[in-house]
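Participant: Quick one: the structure is below, and I'll ask about it shortly.
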Amino acid sequence: MWPNNYGVWADEFESLGLYDCLDKIWPMASIFIDDEKTKYFDRAYGRVNRKGLKLKFLSHCASNGVKFNKAKALKVNHEEFESSIVCDDGTMLKASLIVDASGYTTNFLEYDKPRNNGLQIAHDILAEVDSHPFDLDKMHLMDWRDSHLSNEPDLRASNSKLPTFLYAMPFDSNFVFLEETALVNRPILSYTELKNRMVARLRHLGIQVRSVIEDEKCVIPMGGPLPKIPQSLMAIGGNSGLVHPANGIPWLGHWRLPLSLPREFYNFGMETLLQLDLDGIRRFFDAFFKIDAYYYRGFMSSNLSIRELFVMGISLFWRASNDAKMDMATKSSTNMARMMGNMALEAIVRLK
Ligand SMILES: Cc1cc2nc3c(=O)[nH]c(=O)nc-3n(C[C@H](O)[C@H](O)[C@H](O)COP(=O)(O)OP(=O)(O)OC[C@H]3O[C@@H](n4cnc5c(N)ncnc54)[C@H](O)[C@@H]3O)c2cc1C
């Protein structure tokens, strides 16, 4: 069984034919910018039924004749017409195409740029509580309020510089998933600090935990470069950020180019968020949720074209407050120049 709790946009799971693998769906999501401003996002969010999803994947595998070999891959070899994988149980598997799904820490893929990823860190609990203040029909997506730190000057000061938010999935009035999250860091926020902020927040919200059913430390690498292209392995999942359904060898310029440019834009977004303090983050999300829903939904689902991303960027700037415009002008200009340079370089290399 997979250990982590997963939440997803319900329409994304539906489009993958996985809607029946959600065990709870909230029709809306709420975003608390601060104590005065709350936004409601009219998009259903679901909690993944881990057992159901795994069974569904396994039954698809079984009905399509997939064979499993339970072993660790130690080495991959590539020859002119065939590749092979050496496993720690002594087996050697031959293949015409190897797909590397071994996650972010892959030993097999090559990258031609430094892997300067950001990190999302979170502490979370699935808990039985005496009561909680959350609406049961809304997923509590991002809560940037910091009033719970009024009596904690040290935590408040550090939260102003490296802010964290609460993400909560209320299942019923006594059962809730709670997660204190640093959206993206480099270097990473201390885990103890994260836990202390969560304790202060729960106390302030009047949440008394009766029992912790599951708890997890979550560290997710975000952003970073794409794997080197061409290479003899196909990357999929967290090691690539680019999931293509066809065979990846060779990855041809005419379809790869439109996908790698948005990726530069997403990295630019991450680098900008890394520079923002709590006030900057609030200004950013305040403007972000004012743009046309088509764009912010698409941005969150990573399915906007490069043209749409630029339209979104202009719209975001247009709707931003003067302070947020100033943030963008001062904190993202270097990243913007880097993004444009990388895009130009990428276009030249791929179109050669
Ligand atoms: C606590 C937590 C909560 C998260 N919550 C969410 C969420 O709510 N929504 C969301 O979208 N994302 C979430 N994520 C992120 C998500 O888990 C990752 O993005 C995703 O798991 C990456 O998938 P992957 O298959 O590429 O890699 P992984 O899930 O890391 O899987 C890689 C697999 O390959 C195996 N492996 C590695 N090396 C070898 C080898 N040499 N030989 C054989 N097998 C090998 C590993 O054992 C592992 O099973 C969460 C992550 C964590 C840690």
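Following the order of the structure tokens, chains are lettered A, B, ..., residues in each are numbered from 1, and ligands are numbered from 1.
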If we count only C-alpha atoms, what is near range 52-64 of chain A at a cut-off of 10 Å, once residues fewer than 3 positions away on the same chain are taken out, given as a compact mmCIF listing (two decimals) with C-alpha atoms, in the first residue's frame?
Facilitator:
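This went into selection_9.txt:
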# COMPACT_ATOMS: atom_id res chain seq x y z
CA MET A 1 0.00 0.00 0.00
CA TRP A 2 1.30 3.50 -0.80
CA LEU A 18 -9.81 7.31 -12.40
CA TYR A 19 -12.80 9.12 -10.90
CA ASP A 20 -13.90 5.95 -9.10
CA CYS A 21 -10.56 6.00 -7.25
CA LEU A 22 -11.50 9.07 -5.21
CA ASP A 23 -12.94 8.24 -1.80
CA VAL A 48 -7.24 9.52 -3.56
CA ASN A 49 -8.34 6.07 -2.48
CA LYS A 67 4.98 -9.16 -15.73
CA PHE A 68 6.62 -7.91 -12.53
Participant: Kindly provide, as a VMD selection string, all nucleotide and amino acid residues lying within 10 Å of ligand 1, counting only C-alpha atoms and all ligand atoms.
Facilitator: chain A and resid 2 to 9 46 to 48 69 to 76 85 to 88 100 to 108 120 to 124 179 215 to 222 235 to 241 243
Participant: Env of range 283-290 of chain A: 9 Å cut, atoms = only C-alpha atoms, seq-sep filter 5 positions within chain, self excluded. Answer as a list in words.
Facilitator: Ile31, Ile33, Lys37, Lys39, Phe41, Leu273, Leu276, Leu278, Tyr296, Ser315, Leu316, Phe317, Trp318, Arg319, Ala320, Ser321, Asp323, Ala324, Asp327 and Met328 of chain A
Participant: Those same residues, written as a PDB file, in the first residue's frame with N, CA and C atoms?
Facilitator:
ATOM      1  N   ILE A  31      -9.345  29.412  -0.345  1.00  0.00           N
ATOM      2  CA  ILE A  31      -7.986  29.947  -0.214  1.00  0.00           C
ATOM      3  C   ILE A  31      -8.076  31.170   0.699  1.00  0.00           C
ATOM      4  N   ILE A  33      -6.263  34.233   1.949  1.00  0.00           N
ATOM      5  CA  ILE A  33      -5.085  35.065   1.662  1.00  0.00           C
ATOM      6  C   ILE A  33      -4.563  35.663   2.976  1.00  0.00           C
ATOM      7  N   LYS A  37      -9.310  38.396   3.610  1.00  0.00           N
ATOM      8  CA  LYS A  37      -9.618  37.968   2.229  1.00  0.00           C
ATOM      9  C   LYS A  37      -9.637  36.457   2.076  1.00  0.00           C
ATOM     10  N   LYS A  39     -10.855  33.447  -0.831  1.00  0.00           N
ATOM     11  CA  LYS A  39     -11.309  33.207  -2.203  1.00  0.00           C
ATOM     12  C   LYS A  39     -11.880  31.801  -2.269  1.00  0.00           C
ATOM     13  N   PHE A  41     -12.759  28.679  -4.811  1.00  0.00           N
ATOM     14  CA  PHE A  41     -12.345  28.146  -6.107  1.00  0.00           C
ATOM     15  C   PHE A  41     -13.365  27.069  -6.474  1.00  0.00           C
ATOM     16  N   LEU A 273       8.480  32.529  -6.782  1.00  0.00           N
ATOM     17  CA  LEU A 273       7.887  32.235  -5.471  1.00  0.00           C
ATOM     18  C   LEU A 273       8.963  32.089  -4.394  1.00  0.00           C
ATOM     19  N   LEU A 276       9.719  35.317  -2.560  1.00  0.00           N
ATOM     20  CA  LEU A 276       8.674  36.098  -1.905  1.00  0.00           C
ATOM     21  C   LEU A 276       8.539  35.779  -0.415  1.00  0.00           C
ATOM     22  N   LEU A 278       6.011  36.466   3.162  1.00  0.00           N
ATOM     23  CA  LEU A 278       4.573  36.250   3.359  1.00  0.00           C
ATOM     24  C   LEU A 278       3.733  37.326   2.657  1.00  0.00           C
ATOM     25  N   TYR A 296      -5.869  30.339 -14.438  1.00  0.00           N
ATOM     26  CA  TYR A 296      -5.278  29.811 -13.198  1.00  0.00           C
ATOM     27  C   TYR A 296      -5.515  28.321 -13.041  1.00  0.00           C
ATOM     28  N   SER A 315      -1.768  39.173 -17.852  1.00  0.00           N
ATOM     29  CA  SER A 315      -3.013  39.394 -17.116  1.00  0.00           C
ATOM     30  C   SER A 315      -2.741  39.496 -15.605  1.00  0.00           C
ATOM     31  N   LEU A 316      -1.817  38.633 -15.149  1.00  0.00           N
ATOM     32  CA  LEU A 316      -1.452  38.647 -13.722  1.00  0.00           C
ATOM     33  C   LEU A 316      -0.840  40.005 -13.358  1.00  0.00           C
ATOM     34  N   PHE A 317       0.063  40.471 -14.201  1.00  0.00           N
ATOM     35  CA  PHE A 317       0.717  41.753 -13.942  1.00  0.00           C
ATOM     36  C   PHE A 317      -0.317  42.878 -13.942  1.00  0.00           C
ATOM     37  N   TRP A 318      -1.236  42.811 -14.890  1.00  0.00           N
ATOM     38  CA  TRP A 318      -2.256  43.835 -15.061  1.00  0.00           C
ATOM     39  C   TRP A 318      -3.147  43.918 -13.818  1.00  0.00           C
ATOM     40  N   ARG A 319      -3.521  42.767 -13.276  1.00  0.00           N
ATOM     41  CA  ARG A 319      -4.442  42.747 -12.141  1.00  0.00           C
ATOM     42  C   ARG A 319      -3.752  42.891 -10.786  1.00  0.00           C
ATOM     43  N   ALA A 320      -2.432  42.808 -10.793  1.00  0.00           N
ATOM     44  CA  ALA A 320      -1.707  42.854  -9.515  1.00  0.00           C
ATOM     45  C   ALA A 320      -1.767  44.253  -8.906  1.00  0.00           C
ATOM     46  N   SER A 321      -1.692  44.312  -7.571  1.00  0.00           N
ATOM     47  CA  SER A 321      -1.625  45.608  -6.894  1.00  0.00           C
ATOM     48  C   SER A 321      -0.281  46.243  -7.243  1.00  0.00           C
ATOM     49  N   ASP A 323       2.057  47.118  -5.267  1.00  0.00           N
ATOM     50  CA  ASP A 323       3.141  46.451  -4.530  1.00  0.00           C
ATOM     51  C   ASP A 323       3.515  45.135  -5.201  1.00  0.00           C
ATOM     52  N   ALA A 324       2.472  44.399  -5.660  1.00  0.00           N
ATOM     53  CA  ALA A 324       2.756  43.112  -6.316  1.00  0.00           C
ATOM     54  C   ALA A 324       3.495  43.350  -7.632  1.00  0.00           C
ATOM     55  N   ASP A 327       6.971  43.843  -6.737  1.00  0.00           N
ATOM     56  CA  ASP A 327       7.616  42.539  -6.457  1.00  0.00           C
ATOM     57  C   ASP A 327       8.060  41.880  -7.753  1.00  0.00           C
ATOM     58  N   MET A 328       7.110  41.881  -8.711  1.00  0.00           N
ATOM     59  CA  MET A 328       7.414  41.197  -9.976  1.00  0.00           C
ATOM     60  C   MET A 328       8.577  41.891 -10.690  1.00  0.00           C
TER      61      MET A 328
END
Participant: Quick one: pull the distance between CA of Ser232 in chain A and CA of Leu304 in chain A, Å, one decimal.
Facilitator: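 Separation between CA of Ser232 in chain A and CA of Leu304 in chain A: 28.6 Å.
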Participant: Assign secondary structure with DSSP using the backbone only, and return the residues of range 36-267 of chain A in alpha helix (DSSP H) as a ChimeraX atom specification.
Facilitator: /A:50-63,153-161,191-204,253-267
Participant: Restricting it to C-alpha atoms, dump the selection as an mmCIF file, in the first residue's frame.
Facilitator:
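The resulting file, part-v6.cif, is reproduced below:
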data_model
loop_
_atom_site.group_PDB
_atom_site.id
_atom_site.type_symbol
_atom_site.label_atom_id
_atom_site.label_comp_id
_atom_site.auth_asym_id
_atom_site.auth_seq_id
_atom_site.Cartn_x
_atom_site.Cartn_y
_atom_site.Cartn_z
ATOM 1 C CA ARG A 50 -4.853 4.581 -2.403
ATOM 2 C CA LYS A 51 -6.015 0.970 -2.232
ATOM 3 C CA GLY A 52 -8.585 1.468 -5.011
ATOM 4 C CA LEU A 53 -6.073 3.201 -7.287
ATOM 5 C CA LYS A 54 -3.417 0.556 -6.756
ATOM 6 C CA LEU A 55 -5.898 -2.260 -7.395
ATOM 7 C CA LYS A 56 -7.067 -0.555 -10.569
ATOM 8 C CA PHE A 57 -3.505 -0.146 -11.868
ATOM 9 C CA LEU A 58 -2.661 -3.739 -10.960
ATOM 10 C CA SER A 59 -5.766 -5.125 -12.635
ATOM 11 C CA HIS A 60 -4.965 -3.135 -15.821
ATOM 12 C CA CYS A 61 -1.446 -4.551 -15.699
ATOM 13 C CA ALA A 62 -2.755 -8.101 -15.190
ATOM 14 C CA SER A 63 -5.228 -7.852 -18.055
ATOM 15 C CA PRO A 153 7.155 36.523 18.010
ATOM 16 C CA ASP A 154 9.991 34.256 16.851
ATOM 17 C CA LEU A 155 7.723 31.996 14.817
ATOM 18 C CA ARG A 156 5.892 34.992 13.406
ATOM 19 C CA ALA A 157 9.112 36.657 12.288
ATOM 20 C CA SER A 158 10.402 33.512 10.603
ATOM 21 C CA ASN A 159 6.978 32.854 9.050
ATOM 22 C CA SER A 160 7.014 36.365 7.580
ATOM 23 C CA LYS A 161 10.256 35.515 5.794
ATOM 24 C CA TYR A 191 11.004 20.301 10.117
ATOM 25 C CA THR A 192 10.848 21.172 13.829
ATOM 26 C CA GLU A 193 9.902 24.746 12.976
ATOM 27 C CA LEU A 194 7.183 23.466 10.664
ATOM 28 C CA LYS A 195 5.753 21.268 13.421
ATOM 29 C CA ASN A 196 5.862 24.136 15.945
ATOM 30 C CA ARG A 197 3.942 26.369 13.545
ATOM 31 C CA MET A 198 1.343 23.663 13.092
ATOM 32 C CA VAL A 199 0.912 23.200 16.856
ATOM 33 C CA ALA A 200 0.392 26.965 17.263
ATOM 34 C CA ARG A 201 -2.111 26.989 14.391
ATOM 35 C CA LEU A 202 -4.175 24.081 15.710
ATOM 36 C CA ARG A 203 -4.247 25.633 19.174
ATOM 37 C CA HIS A 204 -5.474 28.929 17.688
ATOM 38 C CA GLY A 253 12.065 18.590 -31.760
ATOM 39 C CA HIS A 254 8.711 19.261 -33.392
ATOM 40 C CA TRP A 255 6.642 18.013 -30.443
ATOM 41 C CA ARG A 256 9.118 18.464 -27.651
ATOM 42 C CA LEU A 257 9.673 22.137 -28.175
ATOM 43 C CA PRO A 258 6.157 23.280 -27.252
ATOM 44 C CA LEU A 259 6.365 21.213 -24.074
ATOM 45 C CA SER A 260 9.794 22.251 -22.876
ATOM 46 C CA LEU A 261 9.078 25.988 -23.182
ATOM 47 C CA PRO A 262 6.140 25.933 -20.734
ATOM 48 C CA ARG A 263 8.429 24.002 -18.415
ATOM 49 C CA GLU A 264 10.835 26.977 -18.439
ATOM 50 C CA PHE A 265 7.883 29.188 -17.547
ATOM 51 C CA TYR A 266 6.924 26.941 -14.600
ATOM 52 C CA ASN A 267 10.512 27.007 -13.368
#
Participant: Using only C-alpha atoms, which protein or nucleic acid residues come within 6 Å of Leu141 in chain A? Drop anything in the same chain fewer than 5 positions from it, and give the result as JSON, numbers by chain.
Facilitator: {"A": [29, 30, 31, 167]}
Participant: Can you list, as an NGL selection string, every residue of range 148-308 of chain A that DSSP puts in strand (DSSP E)?
Facilitator: :A and (165-172 or 175-185 or 209-222 or 233-235)
Participant: In terms of the shortest atom-to-atom distance over only C-alpha atoms, which of A:Glu271, A:Asp34, A:Asp112, A:Glu79 is closest to Ser96 in chain A?
Facilitator: A:Glu79
Participant: Near Glu82 in chain A, within 12 Å and counting only C-alpha atoms, which residues show up once chain neighbours fewer than 4 positions away are dropped, as a PyMOL selection string?
Facilitator: chain A and resi 76-78+93-98+232-233
Participant: Identify which of the residues A:Leu226, A:Leu205, A:Leu136, A:Met343 lies closest to Leu166 in chain A, counting only C-alpha atoms when measuring atom-to-atom distances.
Facilitator: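 The closest residue to Leu166 in chain A is A:Leu205.
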Participant: List the neighbours of Met336 in chain A out to 12 Å using only C-alpha atoms; skip same-chain residues closer than 2 positions along the sequence, and give me the result as a PyMOL selection string.
Facilitator: chain A and resi 264-272+310+313+328-334+338-343
